>>> print(open('work_19.cif').read())   # mmCIF, N, CA and C atoms
data_entry
#
loop_
_atom_site.label_atom_id
_atom_site.label_comp_id
_atom_site.auth_asym_id
_atom_site.auth_seq_id
_atom_site.Cartn_x
_atom_site.Cartn_y
_atom_site.Cartn_z
N MET A 1 21.07 -5.97 4.99
CA MET A 1 20.16 -6.99 4.51
C MET A 1 19.29 -6.40 3.41
N LYS A 2 19.10 -7.17 2.38
CA LYS A 2 18.31 -6.73 1.24
C LYS A 2 16.83 -6.71 1.61
N THR A 3 16.20 -5.55 1.49
CA THR A 3 14.79 -5.45 1.85
C THR A 3 13.88 -5.21 0.65
N ILE A 4 14.45 -4.91 -0.51
CA ILE A 4 13.65 -4.80 -1.72
C ILE A 4 13.75 -6.15 -2.42
N THR A 5 12.70 -6.92 -2.28
CA THR A 5 12.69 -8.29 -2.76
C THR A 5 11.91 -8.39 -4.07
N PRO A 6 12.05 -9.50 -4.79
CA PRO A 6 11.25 -9.69 -6.01
C PRO A 6 9.74 -9.65 -5.73
N TYR A 7 9.34 -10.15 -4.57
CA TYR A 7 7.90 -10.15 -4.25
C TYR A 7 7.40 -8.75 -3.93
N LEU A 8 8.24 -7.93 -3.32
CA LEU A 8 7.85 -6.54 -3.08
C LEU A 8 7.74 -5.80 -4.41
N LEU A 9 8.64 -6.08 -5.34
CA LEU A 9 8.58 -5.44 -6.65
C LEU A 9 7.36 -5.90 -7.44
N ARG A 10 7.01 -7.18 -7.34
CA ARG A 10 5.81 -7.68 -8.01
C ARG A 10 4.55 -7.05 -7.40
N PHE A 11 4.58 -6.90 -6.08
CA PHE A 11 3.46 -6.24 -5.42
C PHE A 11 3.36 -4.79 -5.90
N ALA A 12 4.49 -4.11 -6.01
CA ALA A 12 4.49 -2.72 -6.46
C ALA A 12 3.92 -2.59 -7.87
N LEU A 13 4.28 -3.52 -8.75
CA LEU A 13 3.74 -3.50 -10.11
C LEU A 13 2.23 -3.76 -10.10
N THR A 14 1.81 -4.73 -9.31
CA THR A 14 0.38 -5.04 -9.19
C THR A 14 -0.38 -3.84 -8.62
N ALA A 15 0.17 -3.23 -7.58
CA ALA A 15 -0.47 -2.06 -6.96
C ALA A 15 -0.56 -0.90 -7.94
N THR A 16 0.47 -0.72 -8.75
CA THR A 16 0.45 0.36 -9.74
C THR A 16 -0.67 0.15 -10.76
N ILE A 17 -0.76 -1.06 -11.28
CA ILE A 17 -1.81 -1.36 -12.26
C ILE A 17 -3.19 -1.21 -11.63
N LEU A 18 -3.39 -1.79 -10.45
CA LEU A 18 -4.70 -1.69 -9.78
C LEU A 18 -5.06 -0.24 -9.47
N THR A 19 -4.09 0.55 -9.07
CA THR A 19 -4.37 1.95 -8.71
C THR A 19 -4.73 2.77 -9.94
N ILE A 20 -4.06 2.53 -11.05
CA ILE A 20 -4.41 3.26 -12.28
C ILE A 20 -5.82 2.90 -12.73
N VAL A 21 -6.16 1.62 -12.70
CA VAL A 21 -7.52 1.20 -13.08
C VAL A 21 -8.54 1.79 -12.10
N PHE A 22 -8.22 1.76 -10.81
CA PHE A 22 -9.12 2.34 -9.81
C PHE A 22 -9.32 3.83 -10.04
N ARG A 23 -8.24 4.56 -10.29
CA ARG A 23 -8.35 6.01 -10.50
C ARG A 23 -9.21 6.31 -11.73
N TYR A 24 -9.09 5.49 -12.77
CA TYR A 24 -9.91 5.70 -13.95
C TYR A 24 -11.39 5.57 -13.61
N PHE A 25 -11.76 4.47 -12.95
CA PHE A 25 -13.17 4.26 -12.63
C PHE A 25 -13.66 5.23 -11.57
N LEU A 26 -12.80 5.61 -10.64
CA LEU A 26 -13.20 6.60 -9.65
C LEU A 26 -13.51 7.94 -10.32
N SER A 27 -12.63 8.38 -11.19
CA SER A 27 -12.86 9.65 -11.90
C SER A 27 -14.09 9.57 -12.79
N TYR A 28 -14.28 8.42 -13.43
CA TYR A 28 -15.47 8.23 -14.27
C TYR A 28 -16.73 8.30 -13.41
N GLY A 29 -16.72 7.64 -12.26
CA GLY A 29 -17.88 7.66 -11.37
C GLY A 29 -18.15 9.05 -10.82
N ILE A 30 -17.11 9.79 -10.49
CA ILE A 30 -17.30 11.15 -9.98
C ILE A 30 -17.83 12.06 -11.09
N GLU A 31 -17.27 11.93 -12.27
CA GLU A 31 -17.70 12.76 -13.40
C GLU A 31 -19.19 12.53 -13.71
N ASN A 32 -19.63 11.29 -13.63
CA ASN A 32 -21.02 10.96 -13.95
C ASN A 32 -21.91 10.91 -12.72
N GLN A 33 -21.38 11.33 -11.58
CA GLN A 33 -22.11 11.37 -10.31
C GLN A 33 -22.81 10.04 -10.02
N SER A 34 -22.03 8.96 -10.17
CA SER A 34 -22.55 7.62 -9.95
C SER A 34 -21.95 7.03 -8.68
N GLY A 35 -22.75 7.04 -7.63
CA GLY A 35 -22.30 6.47 -6.37
C GLY A 35 -22.06 4.97 -6.47
N ILE A 36 -22.81 4.31 -7.34
CA ILE A 36 -22.65 2.87 -7.52
C ILE A 36 -21.26 2.55 -8.08
N ILE A 37 -20.85 3.27 -9.13
CA ILE A 37 -19.53 3.03 -9.73
C ILE A 37 -18.42 3.34 -8.73
N ILE A 38 -18.57 4.42 -7.99
CA ILE A 38 -17.57 4.80 -7.00
C ILE A 38 -17.46 3.72 -5.93
N THR A 39 -18.59 3.28 -5.41
CA THR A 39 -18.60 2.27 -4.34
C THR A 39 -18.05 0.93 -4.82
N ILE A 40 -18.50 0.50 -5.98
CA ILE A 40 -18.04 -0.79 -6.51
C ILE A 40 -16.55 -0.75 -6.82
N SER A 41 -16.09 0.32 -7.45
CA SER A 41 -14.67 0.39 -7.79
C SER A 41 -13.80 0.46 -6.54
N ALA A 42 -14.24 1.20 -5.52
CA ALA A 42 -13.48 1.28 -4.28
C ALA A 42 -13.46 -0.06 -3.55
N THR A 43 -14.58 -0.76 -3.54
CA THR A 43 -14.65 -2.06 -2.88
C THR A 43 -13.77 -3.08 -3.58
N ILE A 44 -13.87 -3.15 -4.91
CA ILE A 44 -13.05 -4.10 -5.66
C ILE A 44 -11.58 -3.76 -5.51
N TYR A 45 -11.23 -2.49 -5.58
CA TYR A 45 -9.84 -2.06 -5.42
C TYR A 45 -9.32 -2.46 -4.04
N GLY A 46 -10.09 -2.20 -3.01
CA GLY A 46 -9.68 -2.55 -1.65
C GLY A 46 -9.47 -4.04 -1.49
N LEU A 47 -10.39 -4.84 -2.00
CA LEU A 47 -10.28 -6.30 -1.90
C LEU A 47 -9.08 -6.84 -2.69
N LEU A 48 -8.89 -6.32 -3.90
CA LEU A 48 -7.76 -6.79 -4.71
C LEU A 48 -6.42 -6.36 -4.12
N MET A 49 -6.36 -5.16 -3.57
CA MET A 49 -5.12 -4.71 -2.92
C MET A 49 -4.83 -5.55 -1.69
N PHE A 50 -5.86 -5.84 -0.91
CA PHE A 50 -5.68 -6.69 0.27
C PHE A 50 -5.19 -8.07 -0.14
N ALA A 51 -5.84 -8.65 -1.15
CA ALA A 51 -5.47 -10.00 -1.61
C ALA A 51 -4.04 -10.03 -2.15
N SER A 52 -3.67 -9.03 -2.93
CA SER A 52 -2.31 -9.02 -3.47
C SER A 52 -1.29 -8.78 -2.37
N GLY A 53 -1.60 -7.93 -1.41
CA GLY A 53 -0.69 -7.72 -0.27
C GLY A 53 -0.55 -8.99 0.55
N TRP A 54 -1.64 -9.69 0.74
CA TRP A 54 -1.61 -10.94 1.50
C TRP A 54 -0.76 -11.98 0.76
N TYR A 55 -1.02 -12.13 -0.53
CA TYR A 55 -0.31 -13.14 -1.32
C TYR A 55 1.19 -12.82 -1.39
N PHE A 56 1.52 -11.62 -1.86
CA PHE A 56 2.93 -11.28 -2.02
C PHE A 56 3.63 -11.14 -0.67
N GLY A 57 2.91 -10.73 0.36
CA GLY A 57 3.50 -10.64 1.69
C GLY A 57 3.87 -12.00 2.25
N ARG A 58 3.01 -12.99 2.04
CA ARG A 58 3.32 -14.35 2.49
C ARG A 58 4.51 -14.92 1.72
N LYS A 59 4.51 -14.71 0.41
CA LYS A 59 5.62 -15.19 -0.41
C LYS A 59 6.92 -14.49 -0.01
N ASP A 60 6.82 -13.20 0.28
CA ASP A 60 7.99 -12.43 0.68
C ASP A 60 8.54 -12.92 2.02
N GLY A 61 7.64 -13.27 2.92
CA GLY A 61 8.07 -13.80 4.22
C GLY A 61 8.78 -15.13 4.10
N GLU A 62 8.39 -15.94 3.12
CA GLU A 62 9.08 -17.21 2.88
C GLU A 62 10.43 -16.98 2.22
N TYR A 63 10.49 -15.98 1.34
CA TYR A 63 11.72 -15.68 0.60
C TYR A 63 12.77 -15.03 1.50
N LEU A 64 12.33 -14.08 2.30
CA LEU A 64 13.25 -13.31 3.15
C LEU A 64 12.58 -13.15 4.51
N PRO A 65 12.89 -14.03 5.45
CA PRO A 65 12.16 -14.04 6.72
C PRO A 65 12.55 -12.91 7.68
N ILE A 66 12.39 -11.66 7.22
CA ILE A 66 12.66 -10.56 8.14
C ILE A 66 11.39 -10.21 8.89
N TYR A 67 11.57 -9.57 10.00
CA TYR A 67 10.45 -9.25 10.89
C TYR A 67 10.14 -7.77 10.77
N ASP A 68 9.34 -7.42 9.77
CA ASP A 68 9.06 -6.00 9.53
C ASP A 68 7.60 -5.62 9.71
N VAL A 69 6.78 -6.50 10.20
CA VAL A 69 5.34 -6.30 10.46
C VAL A 69 4.61 -5.63 9.29
N GLY A 70 5.03 -5.94 8.05
CA GLY A 70 4.34 -5.45 6.87
C GLY A 70 4.60 -4.00 6.52
N PHE A 71 5.56 -3.36 7.16
CA PHE A 71 5.77 -1.94 6.93
C PHE A 71 6.22 -1.63 5.50
N ARG A 72 7.09 -2.47 4.93
CA ARG A 72 7.56 -2.23 3.57
C ARG A 72 6.42 -2.22 2.57
N PHE A 73 5.45 -3.12 2.77
CA PHE A 73 4.30 -3.17 1.86
C PHE A 73 3.38 -1.98 2.08
N HIS A 74 3.22 -1.56 3.32
CA HIS A 74 2.40 -0.39 3.62
C HIS A 74 3.02 0.86 3.00
N LEU A 75 4.32 1.03 3.17
CA LEU A 75 5.02 2.19 2.60
C LEU A 75 4.92 2.18 1.08
N THR A 76 5.10 1.01 0.46
CA THR A 76 5.00 0.90 -0.99
C THR A 76 3.60 1.28 -1.47
N THR A 77 2.59 0.78 -0.79
CA THR A 77 1.21 1.11 -1.16
C THR A 77 0.95 2.60 -1.03
N TYR A 78 1.43 3.19 0.06
CA TYR A 78 1.26 4.62 0.30
C TYR A 78 1.89 5.44 -0.83
N LEU A 79 3.13 5.13 -1.16
CA LEU A 79 3.83 5.89 -2.20
C LEU A 79 3.17 5.74 -3.56
N ILE A 80 2.80 4.52 -3.90
CA ILE A 80 2.19 4.27 -5.22
C ILE A 80 0.82 4.91 -5.32
N HIS A 81 -0.04 4.65 -4.34
CA HIS A 81 -1.40 5.16 -4.41
C HIS A 81 -1.43 6.69 -4.43
N ASN A 82 -0.72 7.29 -3.49
CA ASN A 82 -0.76 8.75 -3.42
C ASN A 82 -0.01 9.40 -4.57
N GLY A 83 1.09 8.79 -5.02
CA GLY A 83 1.79 9.33 -6.18
C GLY A 83 0.93 9.32 -7.43
N ILE A 84 0.27 8.20 -7.67
CA ILE A 84 -0.61 8.10 -8.84
C ILE A 84 -1.80 9.03 -8.70
N SER A 85 -2.39 9.12 -7.53
CA SER A 85 -3.55 10.00 -7.34
C SER A 85 -3.19 11.46 -7.57
N LEU A 86 -2.06 11.89 -7.03
CA LEU A 86 -1.65 13.29 -7.22
C LEU A 86 -1.31 13.57 -8.68
N LEU A 87 -0.62 12.65 -9.32
CA LEU A 87 -0.31 12.82 -10.74
C LEU A 87 -1.57 12.78 -11.60
N TRP A 88 -2.48 11.89 -11.26
CA TRP A 88 -3.72 11.72 -12.02
C TRP A 88 -4.49 13.04 -12.09
N ILE A 89 -4.65 13.65 -10.94
CA ILE A 89 -5.39 14.91 -10.89
C ILE A 89 -4.54 16.06 -11.41
N GLY A 90 -3.25 16.07 -11.02
CA GLY A 90 -2.36 17.15 -11.44
C GLY A 90 -2.16 17.21 -12.94
N LEU A 91 -2.17 16.08 -13.61
CA LEU A 91 -1.99 16.04 -15.07
C LEU A 91 -3.31 16.20 -15.83
N GLY A 92 -4.41 16.34 -15.09
CA GLY A 92 -5.69 16.62 -15.73
C GLY A 92 -6.49 15.40 -16.13
N PHE A 93 -6.14 14.22 -15.64
CA PHE A 93 -6.91 13.02 -15.97
C PHE A 93 -8.15 12.86 -15.11
N GLY A 94 -8.21 13.57 -14.01
CA GLY A 94 -9.32 13.45 -13.08
C GLY A 94 -10.58 14.13 -13.59
N SER A 95 -11.64 13.90 -12.87
CA SER A 95 -12.92 14.53 -13.17
C SER A 95 -12.82 16.03 -12.88
N LYS A 96 -13.66 16.81 -13.56
CA LYS A 96 -13.66 18.26 -13.29
C LYS A 96 -14.15 18.54 -11.86
N ASN A 97 -14.80 17.55 -11.25
CA ASN A 97 -15.30 17.71 -9.88
C ASN A 97 -14.29 17.27 -8.82
N GLU A 98 -13.16 16.70 -9.25
CA GLU A 98 -12.14 16.27 -8.29
C GLU A 98 -11.25 17.45 -7.93
N ASN A 99 -10.84 17.45 -6.67
CA ASN A 99 -10.02 18.53 -6.16
C ASN A 99 -8.70 17.96 -5.68
N LEU A 100 -7.61 18.58 -6.04
CA LEU A 100 -6.29 18.13 -5.63
C LEU A 100 -6.14 18.17 -4.11
N ASN A 101 -6.83 19.08 -3.46
CA ASN A 101 -6.74 19.20 -2.00
C ASN A 101 -7.25 17.94 -1.29
N VAL A 102 -8.22 17.27 -1.86
CA VAL A 102 -8.73 16.04 -1.25
C VAL A 102 -7.65 14.97 -1.27
N SER A 103 -6.96 14.84 -2.41
CA SER A 103 -5.87 13.84 -2.49
C SER A 103 -4.74 14.20 -1.53
N ILE A 104 -4.47 15.47 -1.37
CA ILE A 104 -3.43 15.89 -0.42
C ILE A 104 -3.85 15.54 1.00
N MET A 105 -5.10 15.77 1.33
CA MET A 105 -5.59 15.44 2.69
C MET A 105 -5.56 13.93 2.93
N VAL A 106 -5.90 13.14 1.92
CA VAL A 106 -5.81 11.68 2.05
C VAL A 106 -4.37 11.29 2.33
N ALA A 107 -3.43 11.88 1.61
CA ALA A 107 -2.00 11.57 1.82
C ALA A 107 -1.56 11.96 3.23
N ILE A 108 -2.04 13.07 3.72
CA ILE A 108 -1.66 13.52 5.07
C ILE A 108 -2.23 12.58 6.13
N TYR A 109 -3.53 12.29 6.05
CA TYR A 109 -4.15 11.41 7.06
C TYR A 109 -3.56 10.00 7.00
N TRP A 110 -3.38 9.49 5.79
CA TRP A 110 -2.80 8.17 5.64
C TRP A 110 -1.36 8.18 6.14
N GLY A 111 -0.66 9.30 5.91
CA GLY A 111 0.71 9.44 6.40
C GLY A 111 0.81 9.36 7.91
N ILE A 112 -0.20 9.87 8.60
CA ILE A 112 -0.23 9.76 10.07
C ILE A 112 -0.29 8.30 10.48
N PHE A 113 -1.15 7.52 9.83
CA PHE A 113 -1.24 6.09 10.13
C PHE A 113 0.04 5.36 9.73
N LEU A 114 0.68 5.81 8.66
CA LEU A 114 1.95 5.23 8.26
C LEU A 114 3.03 5.49 9.31
N LEU A 115 3.02 6.68 9.89
CA LEU A 115 3.98 6.98 10.97
C LEU A 115 3.73 6.10 12.20
N ILE A 116 2.46 5.86 12.52
CA ILE A 116 2.14 4.96 13.63
C ILE A 116 2.65 3.56 13.31
N HIS A 117 2.43 3.11 12.08
CA HIS A 117 2.93 1.80 11.66
C HIS A 117 4.46 1.76 11.73
N PHE A 118 5.11 2.87 11.37
CA PHE A 118 6.56 2.95 11.45
C PHE A 118 7.04 2.80 12.89
N ALA A 119 6.30 3.39 13.82
CA ALA A 119 6.65 3.25 15.24
C ALA A 119 6.57 1.78 15.66
N PHE A 120 5.52 1.07 15.23
CA PHE A 120 5.41 -0.36 15.52
C PHE A 120 6.54 -1.14 14.86
N PHE A 121 6.91 -0.74 13.65
CA PHE A 121 8.02 -1.37 12.94
C PHE A 121 9.32 -1.22 13.73
N LEU A 122 9.57 0.00 14.21
CA LEU A 122 10.80 0.22 14.99
C LEU A 122 10.78 -0.57 16.29
N TRP A 123 9.63 -0.65 16.93
CA TRP A 123 9.50 -1.42 18.17
C TRP A 123 9.76 -2.91 17.90
N ALA A 124 9.19 -3.43 16.80
CA ALA A 124 9.38 -4.84 16.45
C ALA A 124 10.84 -5.10 16.09
N ARG A 125 11.46 -4.16 15.40
CA ARG A 125 12.87 -4.33 15.02
C ARG A 125 13.77 -4.29 16.26
N LYS A 126 13.40 -3.47 17.23
CA LYS A 126 14.16 -3.38 18.47
C LYS A 126 14.09 -4.70 19.24
N ASN A 127 12.96 -5.37 19.14
CA ASN A 127 12.75 -6.63 19.84
C ASN A 127 13.09 -7.85 18.97
N SER A 128 13.96 -7.66 17.99
CA SER A 128 14.37 -8.77 17.14
C SER A 128 15.90 -8.81 17.09
N ILE A 129 16.41 -9.88 16.56
CA ILE A 129 17.85 -10.03 16.39
C ILE A 129 18.12 -10.14 14.90
N ASN A 130 18.87 -9.17 14.36
CA ASN A 130 19.15 -9.11 12.92
C ASN A 130 17.87 -9.20 12.09
N ASN A 131 16.84 -8.51 12.53
CA ASN A 131 15.53 -8.46 11.87
C ASN A 131 14.82 -9.80 11.82
N LEU A 132 15.21 -10.74 12.66
CA LEU A 132 14.53 -12.02 12.77
C LEU A 132 13.84 -12.08 14.13
N ASP A 133 12.64 -12.60 14.16
CA ASP A 133 11.88 -12.70 15.40
C ASP A 133 12.62 -13.57 16.41
N LYS A 134 12.77 -13.06 17.62
CA LYS A 134 13.49 -13.81 18.66
C LYS A 134 12.85 -15.17 18.93
N GLU A 135 11.53 -15.22 18.86
CA GLU A 135 10.81 -16.49 19.12
C GLU A 135 11.18 -17.54 18.07
N ASP A 136 11.37 -17.11 16.81
CA ASP A 136 11.72 -18.05 15.75
C ASP A 136 13.15 -18.55 15.90
N ILE A 137 14.03 -17.71 16.43
CA ILE A 137 15.44 -18.09 16.57
C ILE A 137 15.64 -19.10 17.69
N PHE A 138 14.99 -18.86 18.82
CA PHE A 138 15.25 -19.67 20.02
C PHE A 138 14.14 -20.67 20.29
N GLU A 139 13.69 -21.38 19.28
CA GLU A 139 12.67 -22.41 19.50
C GLU A 139 13.30 -23.70 19.91
#
>>> encode(input="work_19.cif", output="structure tokens")
Amino acid sequence: MKTITPYLLRFALTATILTIVFRYFLSYGIENQSGIIITISATIYGLLMFASGWYFGRKDGEYLPIYDVGFRFHLTTYLIHNGISLLWIGLGFGSKNENLNVSIMVAIYWGIFLLIHFAFFLWARKNSINNLDKEDIFE
């Protein structure tokens, strides 16, 4: 079954753009020691990522009604955010006060939660038929 859908790809593009803009303002806020810029950029980024995940996730569910409990979107967000963050600092775009170790630790801690989500995904898939919710099939 095809699991890379047009809506997942649109979400990935949106997440990439939002993450690059967020990294720019985060690095700017850190460089200028502005807690306001850091807080506002993180809040706006979080809200926009949530809204885009909600929108594209709902559209994706209508397009391809598989029962994946949002794992594909979580994995996509993880890969995009952490990939851009590591490249951002590694290529020297970050603030002189940013440390690559912090981004690595974020990736590790977030990865633990991703593994927990993966366990829920496997449990949900085990309790489905051909990746479709049993309740939806036998109504």
>>> closest_residue(input="work_19.cif", among="A:Thr39, A:Ser85, A:Thr76, A:Glu31", to="Thr19 of chain A", atoms="all atoms listed in the file")
A:Ser85
>>> resolve_selection(input="work_19.cif", expression="the PyMOL selection byres (((chain A and resi 99 and name CA) around 12) and name CA)", output="list in words")
Ser27, Ile30, Ser85, Leu86, Trp88, Ile89, Gly90, Gly92, Phe93, Gly94, Ser95, Lys96, Asn97, Glu98, Leu100, Asn101, Val102, Ser103, Ile104, Met105 and Val106 of chain A
>>> atom_distance(input="work_19.cif", atom1="atom C of His117 of chain A", atom2="atom CA of Leu79 of chain A")
14.5 Å
>>> resolve_selection(input="work_19.cif", expression="the PyMOL selection byres (((chain A and resi 55-65 and name CA) around 8) and name CA)", output="list in words")
Thr5, Pro6, Tyr7, Leu8, Arg10, Phe11, Ala51, Ser52, Gly53, Trp54, Ile66, Tyr67, Gly70, Phe73 and Leu132 of chain A
>>> atom_distance(input="work_19.cif", atom1="atom N of Gly111 of chain A", atom2="atom C of Met49 of chain A")
17.2 Å
>>> atom_distance(input="work_19.cif", atom1="atom C of Ile37 of chain A", atom2="atom CA of Phe25 of chain A")
6.6 Å
>>> select_by_dssp(input="work_19.cif", residues="segment 23-131 of chain A", states="helix (DSSP H, G or I)", output="PyMOL selection string")
chain A and resi 23-31+35-63+71-90+100-126
>>> select_by_dssp(input="work_19.cif", residues="chain A", states="strand (DSSP E or B)", output="VMD selection string")
chain A and resid 128 to 129 132 to 133
